[in-house]
2 protein chains.
Amino acid sequence: MARRSGGRDARRAARAGAVLQAAPYLTRNIPPRVMISAEGLEIIEHNADRILSEIGVEIHHDATLKRFRDAGAAVDGTRARFEPGLLRSLIATAPSTFIQHARNPERSAQIGGMATVFAPSYGSPFVRDLEGGRRYASIADFENFVKLTYLHPNLHHSGGTICEPVDLPVNKRHFDMVAAHLRYSDKPFMGSVTAGERAQDTVDMARLVFGEDVGDRTIVMSLINASSPLSWDATMLAAAEVYAANNQACVFTPFILAGAMSPVTPAAVTAQILAESMVGMAAAQLVRPGAPVVLGAFVSTMNMQSGAPTFGTPEPALIMSAVGELARRLGVPMRTGGQLCASKVPDAQAAYESAAVMGPTMAAGTNFVLHAAGWLEGGLTIGYEKFMLDADQLGAYAKVEQGFDLSENAQGMSAFHETEPGKHHLGSAHTLANFETAFWKSDLADANSFEQWEAEGARDAEARASEAWKALLATYEQPPLPAGTDEALTEWIDRRKSSFPDSNV
Amino acid sequence: MARRSGGRDARRAARAGAVLQAAPYLTRNIPPRVMISAEGLEIIEHNADRILSEIGVEIHHDATLKRFRDAGAAVDGTRARFEPGLLRSLIATAPSTFIQHARNPERSAQIGGMATVFAPSYGSPFVRDLEGGRRYASIADFENFVKLTYLHPNLHHSGGTICEPVDLPVNKRHFDMVAAHLRYSDKPFMGSVTAGERAQDTVDMARLVFGEDVGDRTIVMSLINASSPLSWDATMLAAAEVYAANNQACVFTPFILAGAMSPVTPAAVTAQILAESMVGMAAAQLVRPGAPVVLGAFVSTMNMQSGAPTFGTPEPALIMSAVGELARRLGVPMRTGGQLCASKVPDAQAAYESAAVMGPTMAAGTNFVLHAAGWLEGGLTIGYEKFMLDADQLGAYAKVEQGFDLSENAQGMSAFHETEPGKHHLGSAHTLANFETAFWKSDLADANSFEQWEAEGARDAEARASEAWKALLATYEQPPLPAGTDEALTEWIDRRKSSFPDSNV
């Protein structure tokens, strides 16, 4: 694994067509693939407005309800209805792009615009590796994934609840997760959303490590899921309230298993996503106008016989493309997709499905890609080998988005004059001048001959990835914290942890 | 595997958003993803013109050279140079779309325009299955793949040299391959290109089976590869001459391992592809103006350390997108891509790479996709399990291209009024009315719970595909030929085979 260079140099190298090392995010130079007409988008927007005004949304959080009522919504019990255009006008104060600052400034990431940021998988209670099989995740696994994500040049963001450390009490595990992101990585990260006070703990811990001068810069981004269909719960809205008040970013994401949490048809799913996410984004703007928000969309289909979630299906590809367009029309960043699959192991199914989600994720012009590496089994498991295989693929996706190099060197007319028809270009001056950066190279694919592959043990991709994650983790060195910071963090966490009893709710 | 219905019904069902059964081709309803600017395309076209006029192309076929000289090219020995615009004006007689007639008229395929046709892998000397491992291909394997392709609803075209029947003499195996396509399938197929007289044998055999009234309708499409860089050999041009003279279609394809058969930079590769393919297409037009031609582009990258071909890399994605645009500007159909990989087995590498070629193949608006199923190991091997896994994925690619359904039913506003916020949509009238066709469903993916999957033997995708191809092949029934045709074909082949000795050149 090559050593990563500084952000600006890396970006410059990326633009020049060199192998991507470790830019803090990738810059897309090619337009998205738009799978829906402008008229279609207007229909979807109109339908979202109708859903919001005719049916409304359940909001189980009094402070949010009160703010919506004060802003002009019709509130009846926990149901809020919004006249067409109301939420859109509230969201107008949200930034179209923002910077999520990392504790290493060279790794601060732009969220929005032509930037795309890759973060690992999120929320799995299980982990899997080739030798150990599937088992409950622990804080040791969590820390391993933070370290692997820190080390991997293709991941820009440390993520959040990469896996659930189920060996720790539910009401205190956020301290250890946030501390791991702050200590073991210097990439941007995500905070706790399982209670308002845990969100506050996240902000307080981050401030402690970033230093007093951090002010209200955005240093945490968090995942706020709707309780689809058309409902937002108290826990998530309380966490969002804390983050917005502190100018921290929230990704408002309808989590939709189509057919259960929404109708089955893509046009209906898309209108619901827009309606739900607009409610969340507007709620944040009412807490603090200008607070950074992201329009999120997690969509899977299901097997209508068994009810099992399915991934890599065509319908989410269409929905993601439409949501990307809708977010750009609304003027906010968009999150969707990832390398999602239903497979239990990192086999061909896992890879086909992951690619069938990730390709459309990129084609949609997605700004923030959670679950970009590691996801197995509908998200119940994060796999060490899957993580490595997915992260490797991210390098290829990033290079496609650099687009076509049309420099004089890339046009290569000298090469045609240099090499005669029918002769090979292997040793030509043009080839020699360009071969090092000409082609993206996978770290894990085996392109050798059958005979050589067989002589080396006939290992499949999973076996090679198993070796790779252990080798990468063995290279880990902690990115240094300012003197005294680690101790202050430990002291702060110990004090907070001992201030209330352990609990598993 | 569902029984396939007639072409027109299937197309209507496909347009209505139903699960694709067996349309004779798919119709794309969404635009391609264009990865290069219009200015960039003009530069590429200009560079192709410069290559053709300044350097020229080696043409090792006297009749073609003479026709080019007569048409105004500057011919010096075997080198032909073309003034800018000359080839483009010759290609103007080529059709922008054409029908390749199948012996079952419901399976006749449109080549070009918004149509996309999927054909299996081509040219592998080896086959692989899970139980038998890797071995030389035989005519029995060839016939198995013709039958599997006939049976699979996601493949529209029977392909050509699906694998090399190395148990038959080189100079006579084309009889058995063409006969297998004609006898065991009623989908369109590809002919022999390894000698002019074998092309003539292909046309004669096809005419025998299609009947006397076939006239000069296009009933065979064949793959004519350039000897890149900038060279066309006598064998391929002799075959192309026969096909064009008979109004049969040729896919003129530079076969490029970038860095060896071309410069390494995508802009240069693309200009070379355009230059080379234009020479082939113009040559066909000089034989018979209006003969159907396809602009082909096979591109892989290479590992610049080992020289091994690599697949699923970003650079061909960019090149394919540009070639698609160039073909549309030129007004001819385009062939590229497939589910290509370097992996020796159908593991995660195989699937990631195949998807990383196939996604961009579709996004490029490709009209004819050879190697859409089965390819392993840089094409040296076709795998039975890989074939089934790839063919399954084709169903998802096809459904994405149907695009967004914005009918009143798909907008689903009634569903939002029917199902309260916070309640699930599983049993709603809208869900019940739509669930059967709502989501594409893989035949091979396992979306069950971990526990169920484990109880069923913890089988990976390859193991399930192994069972699937044997089960599918067991359902095979030969599509009937008109009375006497089979016997006439046998008699014709026997007479031709006995008219010259076996040879392995």
# chains A, B, ... in the order shown; residues from 1 in each chain; ligands from 1
$ residues_around --residues "A:Val178" --least-positions-apart "4" --cutoff "9 Å" --atoms "only C-alpha atoms" --output "list in words"
Gly160, Thr161, Arg173, His174, Leu182, Arg183, Phe189, Met190, Gly191, Ser192, Thr202, Met205 and Ala206 of chain A
$ write_last_selection --atoms "all heavy atoms" --output "mmCIF file, in the first residue's frame"
data_model
loop_
_atom_site.group_PDB
_atom_site.id
_atom_site.type_symbol
_atom_site.label_atom_id
_atom_site.label_comp_id
_atom_site.auth_asym_id
_atom_site.auth_seq_id
_atom_site.Cartn_x
_atom_site.Cartn_y
_atom_site.Cartn_z
ATOM 1 N N GLY A 160 -19.185 5.744 11.073
ATOM 2 C CA GLY A 160 -19.765 5.916 12.405
ATOM 3 C C GLY A 160 -19.788 4.609 13.163
ATOM 4 O O GLY A 160 -18.743 4.096 13.559
ATOM 5 N N THR A 161 -20.963 4.037 13.336
ATOM 6 C CA THR A 161 -21.109 2.751 14.012
ATOM 7 C C THR A 161 -20.738 1.651 13.018
ATOM 8 O O THR A 161 -21.589 0.944 12.489
ATOM 9 C CB THR A 161 -22.566 2.578 14.502
ATOM 10 O OG1 THR A 161 -22.919 3.720 15.289
ATOM 11 C CG2 THR A 161 -22.720 1.329 15.344
ATOM 12 N N ARG A 173 -21.657 2.539 25.011
ATOM 13 C CA ARG A 173 -20.726 2.144 23.946
ATOM 14 C C ARG A 173 -20.381 3.307 23.017
ATOM 15 O O ARG A 173 -19.346 3.278 22.351
ATOM 16 C CB ARG A 173 -21.258 0.945 23.152
ATOM 17 C CG ARG A 173 -22.588 1.139 22.476
ATOM 18 C CD ARG A 173 -23.012 -0.105 21.659
ATOM 19 N NE ARG A 173 -23.314 -1.282 22.459
ATOM 20 C CZ ARG A 173 -24.200 -2.234 22.103
ATOM 21 N NH1 ARG A 173 -24.871 -2.127 20.960
ATOM 22 N NH2 ARG A 173 -24.411 -3.275 22.854
ATOM 23 N N HIS A 174 -21.239 4.346 23.007
ATOM 24 C CA HIS A 174 -20.915 5.480 22.128
ATOM 25 C C HIS A 174 -19.623 6.169 22.544
ATOM 26 O O HIS A 174 -18.902 6.701 21.719
ATOM 27 C CB HIS A 174 -22.079 6.482 22.067
ATOM 28 C CG HIS A 174 -22.350 7.185 23.352
ATOM 29 N ND1 HIS A 174 -22.933 6.577 24.442
ATOM 30 C CD2 HIS A 174 -22.116 8.468 23.738
ATOM 31 C CE1 HIS A 174 -23.042 7.449 25.425
ATOM 32 N NE2 HIS A 174 -22.561 8.604 25.031
ATOM 33 N N LEU A 182 -11.731 9.185 17.145
ATOM 34 C CA LEU A 182 -10.890 10.357 17.431
ATOM 35 C C LEU A 182 -9.433 9.971 17.654
ATOM 36 O O LEU A 182 -8.528 10.707 17.263
ATOM 37 C CB LEU A 182 -11.423 11.083 18.673
ATOM 38 C CG LEU A 182 -12.745 11.844 18.462
ATOM 39 C CD1 LEU A 182 -13.343 12.246 19.809
ATOM 40 C CD2 LEU A 182 -12.514 13.073 17.580
ATOM 41 N N ARG A 183 -9.230 8.805 18.278
ATOM 42 C CA ARG A 183 -7.861 8.398 18.626
ATOM 43 C C ARG A 183 -7.145 7.689 17.481
ATOM 44 O O ARG A 183 -5.967 7.939 17.232
ATOM 45 C CB ARG A 183 -7.903 7.391 19.784
ATOM 46 C CG ARG A 183 -8.023 7.995 21.133
ATOM 47 C CD ARG A 183 -7.646 6.936 22.197
ATOM 48 N NE ARG A 183 -7.647 7.569 23.500
ATOM 49 C CZ ARG A 183 -8.592 7.367 24.417
ATOM 50 N NH1 ARG A 183 -9.594 6.528 24.186
ATOM 51 N NH2 ARG A 183 -8.520 7.990 25.572
ATOM 52 N N PHE A 189 -15.528 11.787 10.830
ATOM 53 C CA PHE A 189 -16.273 10.652 11.384
ATOM 54 C C PHE A 189 -17.715 11.033 11.691
ATOM 55 O O PHE A 189 -18.109 12.185 11.568
ATOM 56 C CB PHE A 189 -15.566 10.136 12.652
ATOM 57 C CG PHE A 189 -15.763 11.017 13.848
ATOM 58 C CD1 PHE A 189 -16.676 10.691 14.839
ATOM 59 C CD2 PHE A 189 -15.060 12.208 13.964
ATOM 60 C CE1 PHE A 189 -16.876 11.522 15.934
ATOM 61 C CE2 PHE A 189 -15.260 13.051 15.057
ATOM 62 C CZ PHE A 189 -16.165 12.707 16.042
ATOM 63 N N MET A 190 -18.484 10.015 12.124
ATOM 64 C CA MET A 190 -19.907 10.196 12.419
ATOM 65 C C MET A 190 -20.162 9.961 13.903
ATOM 66 O O MET A 190 -19.480 9.167 14.551
ATOM 67 C CB MET A 190 -20.744 9.223 11.597
ATOM 68 C CG MET A 190 -20.497 9.383 10.105
ATOM 69 S SD MET A 190 -21.401 8.178 9.115
ATOM 70 C CE MET A 190 -22.985 8.998 8.996
ATOM 71 N N GLY A 191 -21.216 10.636 14.425
ATOM 72 C CA GLY A 191 -21.481 10.601 15.862
ATOM 73 C C GLY A 191 -22.651 9.715 16.237
ATOM 74 O O GLY A 191 -23.312 9.104 15.393
ATOM 75 N N SER A 192 -22.901 9.659 17.548
ATOM 76 C CA SER A 192 -23.989 8.841 18.097
ATOM 77 C C SER A 192 -25.336 9.516 17.860
ATOM 78 O O SER A 192 -25.459 10.740 17.963
ATOM 79 C CB SER A 192 -23.773 8.639 19.595
ATOM 80 O OG SER A 192 -24.859 7.932 20.144
ATOM 81 N N THR A 202 -20.965 13.245 21.927
ATOM 82 C CA THR A 202 -20.150 13.185 20.711
ATOM 83 C C THR A 202 -19.542 14.552 20.404
ATOM 84 O O THR A 202 -18.330 14.664 20.154
ATOM 85 C CB THR A 202 -21.012 12.729 19.508
ATOM 86 O OG1 THR A 202 -21.579 11.452 19.795
ATOM 87 C CG2 THR A 202 -20.179 12.654 18.233
ATOM 88 N N MET A 205 -16.860 15.478 23.049
ATOM 89 C CA MET A 205 -15.600 14.727 22.887
ATOM 90 C C MET A 205 -14.824 15.244 21.676
ATOM 91 O O MET A 205 -13.600 15.391 21.728
ATOM 92 C CB MET A 205 -15.897 13.232 22.718
ATOM 93 C CG MET A 205 -16.384 12.561 24.007
ATOM 94 S SD MET A 205 -17.059 10.898 23.689
ATOM 95 C CE MET A 205 -15.557 9.981 23.374
ATOM 96 N N ALA A 206 -15.541 15.509 20.607
ATOM 97 C CA ALA A 206 -14.863 16.006 19.408
ATOM 98 C C ALA A 206 -14.217 17.358 19.690
ATOM 99 O O ALA A 206 -13.065 17.608 19.311
ATOM 100 C CB ALA A 206 -15.849 16.103 18.244
#
$ select_by_dssp --residues "stretch 38-252 of chain B" --states "strand (DSSP E)" --output "PyMOL selection string"
chain B and resi 57-59+74-76+79-81+97-100+109-112+115-118+126-129+133-136+189-190+220-226+231-232+249-252
$ residues_around --residues "B:Asp446" --least-positions-apart "6" --cutoff "9 Å" --atoms "only C-alpha atoms" --output "list in words"
Thr310, Ala342, Ser343, Lys344 and Gln349 of chain A; Trp453, Asp460, Ala461 and Arg464 of chain B
$ atom_distance --atom1 "atom CA of A:His46" --atom2 "atom CA of A:Gly77"
25.4 Å
$ select_by_dssp --residues "stretch 177-211 of chain A" --states "alpha helix (DSSP H)" --output "number ranges by chain"
A: 177-184, 196-210
$ write_last_selection --atoms "N, CA and C atoms" --output "PDB file, in the first residue's frame"
ATOM      1  N   MET A 177     -16.863   4.156  20.948  1.00  0.00           N
ATOM      2  CA  MET A 177     -16.855   4.264  19.473  1.00  0.00           C
ATOM      3  C   MET A 177     -16.312   5.628  19.040  1.00  0.00           C
ATOM      4  N   VAL A 178     -16.845   6.675  19.642  1.00  0.00           N
ATOM      5  CA  VAL A 178     -16.386   8.019  19.259  1.00  0.00           C
ATOM      6  C   VAL A 178     -14.907   8.189  19.599  1.00  0.00           C
ATOM      7  N   ALA A 179     -14.508   7.672  20.770  1.00  0.00           N
ATOM      8  CA  ALA A 179     -13.089   7.768  21.160  1.00  0.00           C
ATOM      9  C   ALA A 179     -12.204   7.040  20.155  1.00  0.00           C
ATOM     10  N   ALA A 180     -12.670   5.896  19.649  1.00  0.00           N
ATOM     11  CA  ALA A 180     -11.866   5.148  18.669  1.00  0.00           C
ATOM     12  C   ALA A 180     -11.681   5.974  17.391  1.00  0.00           C
ATOM     13  N   HIS A 181     -12.760   6.591  16.909  1.00  0.00           N
ATOM     14  CA  HIS A 181     -12.630   7.431  15.710  1.00  0.00           C
ATOM     15  C   HIS A 181     -11.643   8.574  15.963  1.00  0.00           C
ATOM     16  N   LEU A 182     -11.731   9.185  17.145  1.00  0.00           N
ATOM     17  CA  LEU A 182     -10.890  10.357  17.431  1.00  0.00           C
ATOM     18  C   LEU A 182      -9.433   9.971  17.654  1.00  0.00           C
ATOM     19  N   ARG A 183      -9.230   8.805  18.278  1.00  0.00           N
ATOM     20  CA  ARG A 183      -7.861   8.398  18.626  1.00  0.00           C
ATOM     21  C   ARG A 183      -7.145   7.689  17.481  1.00  0.00           C
ATOM     22  N   TYR A 184      -7.857   6.756  16.841  1.00  0.00           N
ATOM     23  CA  TYR A 184      -7.176   5.836  15.926  1.00  0.00           C
ATOM     24  C   TYR A 184      -7.225   6.281  14.477  1.00  0.00           C
ATOM     25  N   GLY A 196     -30.386  12.067  22.548  1.00  0.00           N
ATOM     26  CA  GLY A 196     -29.927  13.457  22.470  1.00  0.00           C
ATOM     27  C   GLY A 196     -28.653  13.668  23.258  1.00  0.00           C
ATOM     28  N   GLU A 197     -28.573  13.081  24.461  1.00  0.00           N
ATOM     29  CA  GLU A 197     -27.373  13.331  25.280  1.00  0.00           C
ATOM     30  C   GLU A 197     -26.136  12.628  24.718  1.00  0.00           C
ATOM     31  N   ARG A 198     -26.368  11.540  23.979  1.00  0.00           N
ATOM     32  CA  ARG A 198     -25.209  10.870  23.349  1.00  0.00           C
ATOM     33  C   ARG A 198     -24.701  11.699  22.166  1.00  0.00           C
ATOM     34  N   ALA A 199     -25.602  12.384  21.517  1.00  0.00           N
ATOM     35  CA  ALA A 199     -25.175  13.326  20.482  1.00  0.00           C
ATOM     36  C   ALA A 199     -24.337  14.436  21.120  1.00  0.00           C
ATOM     37  N   GLN A 200     -24.806  14.919  22.298  1.00  0.00           N
ATOM     38  CA  GLN A 200     -24.054  15.981  22.990  1.00  0.00           C
ATOM     39  C   GLN A 200     -22.687  15.461  23.433  1.00  0.00           C
ATOM     40  N   ASP A 201     -22.647  14.223  23.930  1.00  0.00           N
ATOM     41  CA  ASP A 201     -21.359  13.616  24.301  1.00  0.00           C
ATOM     42  C   ASP A 201     -20.417  13.596  23.090  1.00  0.00           C
ATOM     43  N   THR A 202     -20.965  13.245  21.927  1.00  0.00           N
ATOM     44  CA  THR A 202     -20.150  13.185  20.711  1.00  0.00           C
ATOM     45  C   THR A 202     -19.542  14.552  20.404  1.00  0.00           C
ATOM     46  N   VAL A 203     -20.373  15.583  20.462  1.00  0.00           N
ATOM     47  CA  VAL A 203     -19.895  16.936  20.164  1.00  0.00           C
ATOM     48  C   VAL A 203     -18.849  17.360  21.200  1.00  0.00           C
ATOM     49  N   ASP A 204     -19.098  17.055  22.453  1.00  0.00           N
ATOM     50  CA  ASP A 204     -18.172  17.463  23.516  1.00  0.00           C
ATOM     51  C   ASP A 204     -16.818  16.769  23.361  1.00  0.00           C
ATOM     52  N   MET A 205     -16.860  15.478  23.049  1.00  0.00           N
ATOM     53  CA  MET A 205     -15.600  14.727  22.887  1.00  0.00           C
ATOM     54  C   MET A 205     -14.824  15.244  21.676  1.00  0.00           C
ATOM     55  N   ALA A 206     -15.541  15.509  20.607  1.00  0.00           N
ATOM     56  CA  ALA A 206     -14.863  16.006  19.408  1.00  0.00           C
ATOM     57  C   ALA A 206     -14.217  17.358  19.690  1.00  0.00           C
ATOM     58  N   ARG A 207     -14.930  18.224  20.401  1.00  0.00           N
ATOM     59  CA  ARG A 207     -14.377  19.550  20.716  1.00  0.00           C
ATOM     60  C   ARG A 207     -13.113  19.424  21.556  1.00  0.00           C
ATOM     61  N   LEU A 208     -13.153  18.461  22.484  1.00  0.00           N
ATOM     62  CA  LEU A 208     -12.004  18.240  23.370  1.00  0.00           C
ATOM     63  C   LEU A 208     -10.760  17.888  22.550  1.00  0.00           C
ATOM     64  N   VAL A 209     -10.946  17.106  21.515  1.00  0.00           N
ATOM     65  CA  VAL A 209      -9.801  16.631  20.720  1.00  0.00           C
ATOM     66  C   VAL A 209      -9.418  17.646  19.648  1.00  0.00           C
ATOM     67  N   PHE A 210     -10.396  18.298  19.052  1.00  0.00           N
ATOM     68  CA  PHE A 210     -10.102  19.263  17.983  1.00  0.00           C
ATOM     69  C   PHE A 210      -9.488  20.546  18.542  1.00  0.00           C
TER      70      PHE A 210
END
$ residues_around --residues "stretch 134-150 of chain B" --least-positions-apart "3" --cutoff "9 Å" --atoms "only C-alpha atoms" --output "NGL selection string"
:B and (119-120 or 124-130 or 153-159 or 161-168 or 173 or 176-177 or 180-181 or 184-187 or 381-384 or 387-388 or 391 or 469 or 472-473 or 476-478)
$ residues_around --residues "A:Leu230" --least-positions-apart "3" --cutoff "7 Å" --atoms "only C-alpha atoms" --output "VMD selection string"
(chain A and resid 57 to 58 227 276) or (chain B and resid 421 to 422)
$ closest_residue --among "B:Glu487, B:Asp216, B:Asp502, B:Asp347" --to "chain A" --atoms "only C-alpha atoms"
B:Asp347
$ residues_around --residues "stretch 454-458 of chain A" --least-positions-apart "5" --cutoff "10 Å" --atoms "only C-alpha atoms" --output "PyMOL selection string"
(chain A and resi 448-449+463) or (chain B and resi 344-345)
$ residues_around --residues "stretch 79-91 of chain B" --least-positions-apart "3" --cutoff "8 Å" --atoms "only C-alpha atoms" --output "list in words"
Asp49, Arg50, Leu52, Ser53, Glu54, Ile55, Gly56, Val57, Glu58, Ile59, Leu65, Phe68, Arg69, Gly72, Ala73, Ala74, Val75, Asp76, Ala94, Met278, Val279, Met281, Ala282, Gln285, Leu286 and Leu330 of chain B
